[in-house]
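Colleague: Structure file upload.txt (compact mmCIF, C-alpha atoms) is given on the next line.
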```txt
# COMPACT_ATOMS: atom_id res chain seq x y z
CA VAL U 17 -16.68 -1.11 22.78
CA LEU U 18 -13.32 -2.88 22.54
CA SER U 19 -15.00 -5.84 20.84
CA SER U 20 -16.65 -3.55 18.29
CA LEU U 21 -13.42 -1.69 17.55
CA THR U 22 -11.48 -4.93 17.22
CA THR U 23 -14.05 -6.29 14.76
CA LYS U 24 -13.73 -3.14 12.66
CA ALA U 25 -9.97 -3.33 12.85
CA ASN U 26 -10.00 -6.93 11.65
CA ALA U 27 -12.24 -5.98 8.75
CA PHE U 28 -9.86 -3.13 7.91
CA ILE U 29 -6.88 -5.48 7.93
CA PHE U 30 -8.71 -8.01 5.79
CA SER U 31 -9.26 -5.36 3.15
CA PHE U 32 -5.47 -5.23 2.80
CA THR U 33 -4.64 -8.91 3.15
CA GLY U 34 -7.37 -10.05 0.79
CA SER U 35 -5.38 -8.78 -2.17
CA GLN U 36 -1.86 -7.48 -2.80
CA PRO U 37 -1.94 -3.81 -1.73
CA SER U 38 0.15 -1.05 -3.21
CA VAL U 39 0.99 2.41 -2.02
CA LEU U 40 1.72 5.20 -4.45
CA LYS U 41 5.09 6.73 -3.76
CA ALA U 42 4.96 10.39 -4.76
CA LYS U 43 7.73 11.83 -6.85
CA GLU U 44 8.00 15.27 -8.41
CA SER U 45 4.70 16.32 -9.99
CA ASP U 46 6.10 16.19 -13.55
CA GLU U 47 7.66 12.77 -13.12
CA GLU U 48 6.13 9.30 -13.38
CA PRO U 49 5.17 7.72 -10.06
CA THR U 50 6.38 4.32 -8.95
CA SER U 51 4.65 1.75 -6.79
CA MET U 52 5.98 -0.12 -3.79
CA PHE U 53 4.28 -3.14 -2.23
CA ILE U 54 3.63 -3.67 1.48
CA PRO U 55 5.03 -7.03 2.60
CA SER U 56 2.41 -9.26 4.19
CA THR U 57 4.74 -9.74 7.20
CA PHE U 58 4.01 -6.15 8.22
CA LEU U 59 0.28 -6.84 8.45
CA ASN U 60 0.14 -8.81 11.69
CA ARG U 61 -3.59 -8.95 12.50
CA ARG U 62 -3.26 -8.81 16.27
CA SER U 63 -0.64 -6.04 16.42
CA VAL U 64 -2.44 -3.77 13.94
CA ALA U 65 -5.81 -4.38 15.60
CA SER U 66 -4.27 -3.44 18.95
CA ALA U 67 -2.79 -0.26 17.48
CA ILE U 68 -6.13 0.78 16.00
CA VAL U 69 -7.99 0.22 19.27
CA SER U 70 -5.34 2.13 21.27
CA ALA U 71 -5.30 5.02 18.82
CA THR U 72 -9.07 5.27 18.81
CA LEU U 73 -9.28 5.26 22.60
CA ALA U 74 -6.67 8.02 22.64
CA GLY U 75 -8.86 10.10 20.37
CA ASN U 76 -6.85 9.54 17.16
CA ALA U 77 -8.72 7.96 14.25
CA PHE U 78 -6.53 5.41 12.49
CA LEU U 79 -9.18 4.46 9.96
CA PRO U 80 -9.11 6.07 6.48
CA LYS U 81 -10.78 9.43 6.20
CA PRO U 82 -13.59 9.80 3.66
CA THR U 83 -12.79 11.66 0.48
CA PHE U 84 -15.09 14.08 -1.29
CA ALA U 85 -15.30 14.76 -5.00
CA LYS U 86 -14.49 18.29 -6.08
CA CYS U 87 -16.99 18.13 -8.91
CA THR U 88 -20.33 16.37 -9.16
CA ASP U 89 -20.92 16.10 -12.90
CA ILE U 90 -19.12 16.20 -16.24
CA GLU U 91 -19.78 19.88 -16.84
CA SER U 92 -18.45 21.06 -13.47
CA CYS U 93 -15.39 18.80 -13.83
CA ARG U 94 -14.73 20.25 -17.29
CA GLU U 95 -15.02 23.80 -15.96
CA ILE U 96 -12.55 23.05 -13.14
CA GLY U 97 -10.13 21.52 -15.64
CA GLU U 98 -10.41 24.47 -18.01
CA ARG U 99 -9.78 26.94 -15.18
CA LYS U 100 -6.65 25.04 -14.13
CA VAL U 101 -5.34 25.00 -17.72
CA GLU U 102 -6.07 28.71 -18.12
CA LYS U 103 -4.29 29.52 -14.84
CA ASP U 104 -1.26 27.42 -15.83
CA MET U 105 -1.07 29.08 -19.26
CA LYS U 106 -1.05 32.53 -17.63
CA GLU U 107 1.50 31.68 -14.95
CA ASN U 108 3.75 29.53 -17.14
CA PRO U 109 3.07 30.07 -20.87
CA THR U 110 4.40 27.72 -23.54
CA THR U 111 7.30 29.17 -25.53
CA VAL U 112 7.19 28.42 -29.27
CA LEU U 113 10.39 28.80 -31.32
CA ASN U 114 10.54 29.49 -35.07
CA SER U 115 11.67 25.90 -35.70
CA GLY U 116 8.44 24.55 -34.21
CA VAL U 117 10.05 23.55 -30.90
CA ARG U 118 7.77 24.15 -27.93
CA TYR U 119 8.75 24.14 -24.27
CA LYS U 120 7.55 24.96 -20.76
CA VAL U 121 9.65 25.76 -17.72
CA LEU U 122 8.90 23.15 -15.08
CA ARG U 123 11.32 24.61 -12.53
CA PRO U 124 13.29 27.88 -12.71
CA GLY U 125 17.05 27.88 -12.35
CA THR U 126 19.41 29.93 -10.23
CA GLY U 127 22.40 32.21 -10.81
CA ASP U 128 23.31 34.65 -13.55
CA ASN U 129 25.08 32.23 -15.88
CA THR U 130 22.86 31.05 -18.77
CA VAL U 131 23.34 28.55 -21.58
CA GLN U 132 24.52 30.17 -24.81
CA GLU U 133 25.86 29.06 -28.16
CA GLY U 134 29.17 27.31 -27.44
CA SER U 135 28.38 26.64 -23.76
CA SER U 136 29.51 23.37 -22.20
CA VAL U 137 26.48 21.95 -20.37
CA ASP U 138 26.09 19.01 -17.99
CA LEU U 139 22.51 17.83 -18.04
CA ILE U 140 20.18 14.91 -17.41
CA TYR U 141 17.30 14.01 -19.71
CA SER U 142 14.30 11.75 -20.15
CA ILE U 143 12.70 11.09 -23.55
CA SER U 144 9.13 9.97 -24.19
CA GLU U 145 6.91 9.54 -27.22
CA GLY U 146 4.33 12.20 -27.97
CA GLY U 147 1.66 9.99 -26.38
CA GLY U 148 3.65 9.76 -23.15
CA ALA U 149 5.25 6.30 -23.52
CA TYR U 150 8.72 6.23 -21.96
CA MET U 151 11.66 5.67 -24.34
CA TYR U 152 14.94 6.14 -22.44
CA SER U 153 16.80 8.56 -20.19
CA LYS U 154 20.03 9.43 -18.43
CA GLY U 155 20.37 10.59 -14.83
CA PHE U 156 16.67 10.66 -13.93
CA GLY U 157 16.73 7.37 -12.02
CA TYR U 158 14.79 5.34 -14.60
CA GLU U 159 17.84 3.46 -15.93
CA LYS U 160 20.50 1.30 -14.27
CA VAL U 161 24.28 1.81 -14.20
CA ASP U 162 26.99 -0.63 -13.23
CA ILE U 163 28.72 0.51 -10.03
CA GLY U 164 31.34 -1.93 -8.80
CA GLY U 165 29.67 -4.85 -10.51
CA LYS U 166 26.22 -3.99 -9.12
CA LEU U 167 23.38 -2.37 -11.05
CA GLN U 168 22.04 0.77 -9.38
CA SER U 169 19.63 3.54 -10.28
CA ASP U 170 21.40 6.23 -12.30
CA LEU U 171 19.78 9.02 -10.27
CA GLY U 172 22.60 11.36 -9.33
CA LEU U 173 25.18 9.02 -10.84
CA ASP U 174 24.99 9.72 -14.57
CA SER U 175 24.70 12.76 -16.82
CA LEU U 176 25.44 13.95 -20.33
CA ARG U 177 27.91 16.70 -21.30
CA VAL U 178 27.10 18.61 -24.47
CA VAL U 179 28.59 21.64 -26.20
CA VAL U 180 25.83 23.74 -27.71
CA GLY U 181 26.37 23.94 -31.48
CA ARG U 182 28.25 20.65 -31.87
CA LYS U 183 25.06 18.58 -32.28
CA ASN U 184 25.69 16.25 -29.35
CA VAL U 185 21.91 16.46 -29.08
CA PRO U 186 19.28 17.33 -31.72
CA VAL U 187 19.35 20.90 -33.05
CA GLY U 188 15.90 21.57 -31.57
CA ILE U 189 17.16 20.60 -28.11
CA GLU U 190 20.15 22.93 -28.49
CA GLN U 191 17.73 25.74 -29.33
CA ALA U 192 15.61 25.00 -26.25
CA LEU U 193 18.69 24.87 -24.00
CA VAL U 194 19.63 28.49 -24.74
CA GLY U 195 18.78 30.69 -21.78
CA MET U 196 18.60 27.88 -19.22
CA LYS U 197 20.28 28.27 -15.82
CA ARG U 198 21.75 25.80 -13.35
CA GLY U 199 18.98 23.71 -11.80
CA GLU U 200 16.40 24.74 -14.38
CA LYS U 201 14.11 22.08 -15.78
CA ARG U 202 12.19 22.29 -19.05
CA ARG U 203 9.79 20.02 -20.89
CA ILE U 204 10.40 20.23 -24.64
CA GLU U 205 8.23 19.10 -27.53
CA LEU U 206 10.63 18.24 -30.35
CA PRO U 207 9.38 17.97 -33.96
CA PRO U 208 11.31 15.55 -36.19
CA SER U 209 12.42 18.34 -38.55
CA VAL U 210 14.90 19.44 -35.87
CA GLY U 211 14.99 16.10 -34.10
CA PHE U 212 17.19 13.00 -33.93
CA GLU U 213 18.27 13.04 -37.58
CA THR U 214 20.01 16.41 -37.05
CA SER U 215 22.35 14.85 -34.45
CA ASN U 216 22.88 11.51 -36.20
CA TRP U 217 20.54 9.92 -33.63
CA GLN U 218 22.52 11.14 -30.64
CA PRO U 219 22.29 10.71 -27.70
CA GLU U 220 21.98 6.95 -28.14
CA PRO U 221 20.16 4.69 -25.70
CA THR U 222 22.11 2.02 -23.85
CA SER U 223 19.29 -0.22 -22.61
CA ARG U 224 17.53 -2.87 -24.67
CA ARG U 225 14.21 -1.11 -24.15
CA GLY U 226 15.66 2.21 -25.28
CA LYS U 227 17.13 0.71 -28.45
CA ALA U 228 13.81 -0.95 -29.27
CA SER U 229 12.01 2.37 -28.69
CA ILE U 230 14.30 4.19 -31.13
CA THR U 231 13.81 1.48 -33.76
CA GLY U 232 10.05 1.77 -33.37
CA TYR U 233 10.21 5.56 -33.60
CA GLN U 234 12.27 5.37 -36.80
CA ARG U 235 9.64 3.10 -38.34
CA ILE U 236 6.93 5.63 -37.51
CA LEU U 237 8.89 8.42 -39.19
CA THR U 238 9.66 6.43 -42.37
CA GLY U 239 6.47 4.40 -42.54
CA PHE U 240 6.18 0.61 -42.54
CA GLY U 241 3.86 -1.86 -44.21
CA SER U 242 0.64 -0.10 -45.07
CA GLN U 243 1.40 2.73 -42.62
CA PRO U 244 2.53 5.98 -44.27
CA PRO U 245 5.31 8.11 -42.74
CA PHE U 246 4.19 10.21 -39.78
CA PRO U 247 6.07 13.23 -38.32
CA ALA U 248 5.80 12.15 -34.68
CA VAL U 249 7.18 14.44 -31.99
CA THR U 250 9.20 13.37 -28.96
CA ILE U 251 8.97 14.87 -25.48
CA TRP U 252 12.16 15.66 -23.57
CA ASP U 253 12.45 16.55 -19.88
CA ILE U 254 15.83 18.24 -19.38
CA GLU U 255 17.51 19.54 -16.24
CA VAL U 256 20.72 21.57 -16.40
CA LEU U 257 23.20 20.57 -13.70
CA SER U 258 25.89 23.09 -14.64
CA THR U 259 26.93 25.33 -17.51
CA ARG U 260 30.25 26.91 -18.49
CA ASN U 261 30.61 29.58 -21.15
```
Once more with this new file: its structure as structure tokens, please.
Modeller:
Amino acid sequence: VLSSLTTKANAFIFSFTGSQPSVLKAKESDEEPTSMFIPSTFLNRRSVASAIVSATLAGNAFLPKPTFAKCTDIESCREIGERKVEKDMKENPTTVLNSGVRYKVLRPGTGDNTVQEGSSVDLIYSISEGGGAYMYSKGFGYEKVDIGGKLQSDLGLDSLRVVVGRKNVPVGIEQALVGMKRGEKRRIELPPSVGFETSNWQPEPTSRRGKASITGYQRILTGFGSQPPFPAVTIWDIEVLSTRN
């Protein structure tokens, strides 16, 4: 029995060491996941095989559990997807403003104080293209900041202070901020008519990638070569850290 279990354990280990494995590190459901790699030094064949055999003898299965599909064909998968969308729309409907701005509440806030015209707001944001491609952000942990000569993730270390009405951010974002509470998070679809041009392209990116993304977005709006102008939206994830009226 031990020989059989050890053989299976070795095969299991080989499935990892045969190629570079990766483990998905879960983040918040509305955020992009990141990957971290398992160093090969952790995959000692003898020690892992021993652990698998011991766990199995103790009645604990160390081997991966089989997974089962929730749908068996295209039609049933489509029905499941449609039901999930319908449920989400009922529980958390999309708010559409007169300017064309659309937003959904990803996480409710706390307290009685809400953002109003003239409020001073500390917030973090992440901006993406309409198709989902990341552009730039502040405070979400996707960018780096210099702390004592060392570059570190800006998560919890950076934020943006805006006064609603002063166009520190696009007019459409100011409109979507109204009513938000501390800790609230919204995803906002911003049309160009109330977008970057209304705030003189503020807030500006600081990274090379962010600057290149803005340049590319400007070319889409104005047209380039044989491509005509296109009113592309941007997607903003915004979390209010604090607000003062």
Colleague: List as JSON lines every residue of segment 168-196 of chain U that is in contact with segment 252-260 of chain U, defined as an atom at most 10 Å from one of its atoms (using only C-alpha atoms), together with the nearest atom pair and the distance in Å rounded to one decimal, sorted by chain and then rising number.
Modeller:
```
{"residue": "U:Ser175", "atom": "CA", "partner": "U:Leu257", "partner_atom": "CA", "distance": 8.5}
{"residue": "U:Leu176", "atom": "CA", "partner": "U:Leu257", "partner_atom": "CA", "distance": 9.6}
{"residue": "U:Arg177", "atom": "CA", "partner": "U:Ser258", "partner_atom": "CA", "distance": 9.4}
{"residue": "U:Val178", "atom": "CA", "partner": "U:Thr259", "partner_atom": "CA", "distance": 9.7}
{"residue": "U:Val179", "atom": "CA", "partner": "U:Arg260", "partner_atom": "CA", "distance": 9.5}
{"residue": "U:Ile189", "atom": "CA", "partner": "U:Trp252", "partner_atom": "CA", "distance": 8.4}
{"residue": "U:Ala192", "atom": "CA", "partner": "U:Ile254", "partner_atom": "CA", "distance": 9.6}
{"residue": "U:Leu193", "atom": "CA", "partner": "U:Val256", "partner_atom": "CA", "distance": 8.5}
{"residue": "U:Met196", "atom": "CA", "partner": "U:Val256", "partner_atom": "CA", "distance": 7.2}
```
Colleague: Just the number, please: distance in Å from atom CA of Arg198 of chain U to atom CA of Tyr141 of chain U, one decimal.
Modeller: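 Going from atom CA of Arg198 of chain U over to atom CA of Tyr141 of chain U, I get 14.1 Å.
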Colleague: Expressed in Å to a single decimal, how great is the separation between atom CA of Phe212 of chain U and atom CA of Val185 of chain U?
Modeller: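 Straight-line distance from atom CA of Phe212 of chain U to atom CA of Val185 of chain U works out to 7.6 Å.
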Colleague: Contacts between segment 229-232 of chain U and segment 105-186 of chain U, please, where a residue of segment 105-186 of chain U counts if it comes within 12 Å (with all atoms listed in the file); show its shortest atom pair and distance in Å to one decimal, rows by chain and ascending number, as a Markdown table.
Modeller:
```
| residue | atom | partner | partner_atom | distance |
| --- | --- | --- | --- | --- |
| U:Ile143 | CA | U:Ser229 | CA | 10.1 |
| U:Ser144 | CA | U:Ser229 | CA | 9.3 |
| U:Glu145 | CA | U:Ser229 | CA | 8.9 |
| U:Ala149 | CA | U:Ser229 | CA | 9.4 |
| U:Tyr150 | CA | U:Ser229 | CA | 8.4 |
| U:Met151 | CA | U:Ser229 | CA | 5.5 |
| U:Tyr152 | CA | U:Ser229 | CA | 7.9 |
| U:Ser153 | CA | U:Ser229 | CA | 11.6 |
```
Colleague: For the atom pair atom CA of Arg202 of chain U and atom CA of Leu113 of chain U, what is the interatomic distance in Å to one decimal place?
Modeller: 14.0 Å
Colleague: Produce the centre coordinates and the three edge lengths, each in Å to one decimal, of the box along x, y and z that contains all listed atoms of segment 245-258 of chain U with 5 Å added on each side, as AutoDock Vina command-line options.
Modeller:
```
--center_x 15.0 --center_y 15.6 --center_z -28.2 --size_x 31.7 --size_y 25.0 --size_z 39.0
```
Colleague: If we count only C-alpha atoms and set the cut-off at 8 Å, which residues sit around Val194 of chain U, ignoring sequence neighbours fewer than 6 positions away in its own chain? Please answer as a short mmCIF file (atom, residue, chain, number, x, y, z; two decimals) with C-alpha atoms, in the frame of the given file.
Modeller:
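Below you can see out.cif, which holds the result:
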```
data_model
loop_
_atom_site.label_atom_id
_atom_site.label_comp_id
_atom_site.auth_asym_id
_atom_site.auth_seq_id
_atom_site.Cartn_x
_atom_site.Cartn_y
_atom_site.Cartn_z
CA THR U 130 22.86 31.05 -18.77
CA VAL U 131 23.34 28.55 -21.58
CA GLN U 132 24.52 30.17 -24.81
CA GLU U 133 25.86 29.06 -28.16
#
```
Colleague: The residues within 12 Å of (25.6, 10.6, -36.4), using only C-alpha atoms and the coordinates of the file, should be reported as a list of chain:residue names; which are they?
Modeller: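 Here is the list of nearby residues: U:Arg182, U:Lys183, U:Asn184, U:Val185, U:Pro186, U:Phe212, U:Glu213, U:Thr214, U:Ser215, U:Asn216, U:Trp217, U:Gln218, U:Pro219, U:Glu220.
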Colleague: For a quick check of understanding, using only C-alpha atoms, which of U:Ser92, U:Thr110, U:Thr250, U:Ser169 has the smallest distance to Tyr233 of chain U?
Modeller: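 Going through U:Ser92, U:Thr110, U:Thr250, U:Ser169 one by one, the smallest distance to Tyr233 of chain U is for U:Thr250.
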Colleague: So, with all atoms listed in the file as the atoms that count, which of U:Gly164, U:Gly181, U:Val121, U:Glu102 lies closest to Gly134 of chain U?
Modeller: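 Nearest to Gly134 of chain U: U:Gly181.
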Colleague: Name the residues in contact with segment 234-236 of chain U at a cut-off of 7 Å, using only C-alpha atoms, excluding same-chain residues fewer than 4 positions from it; report them as a ChimeraX atom specification.
Modeller: /U:230,240,245-246
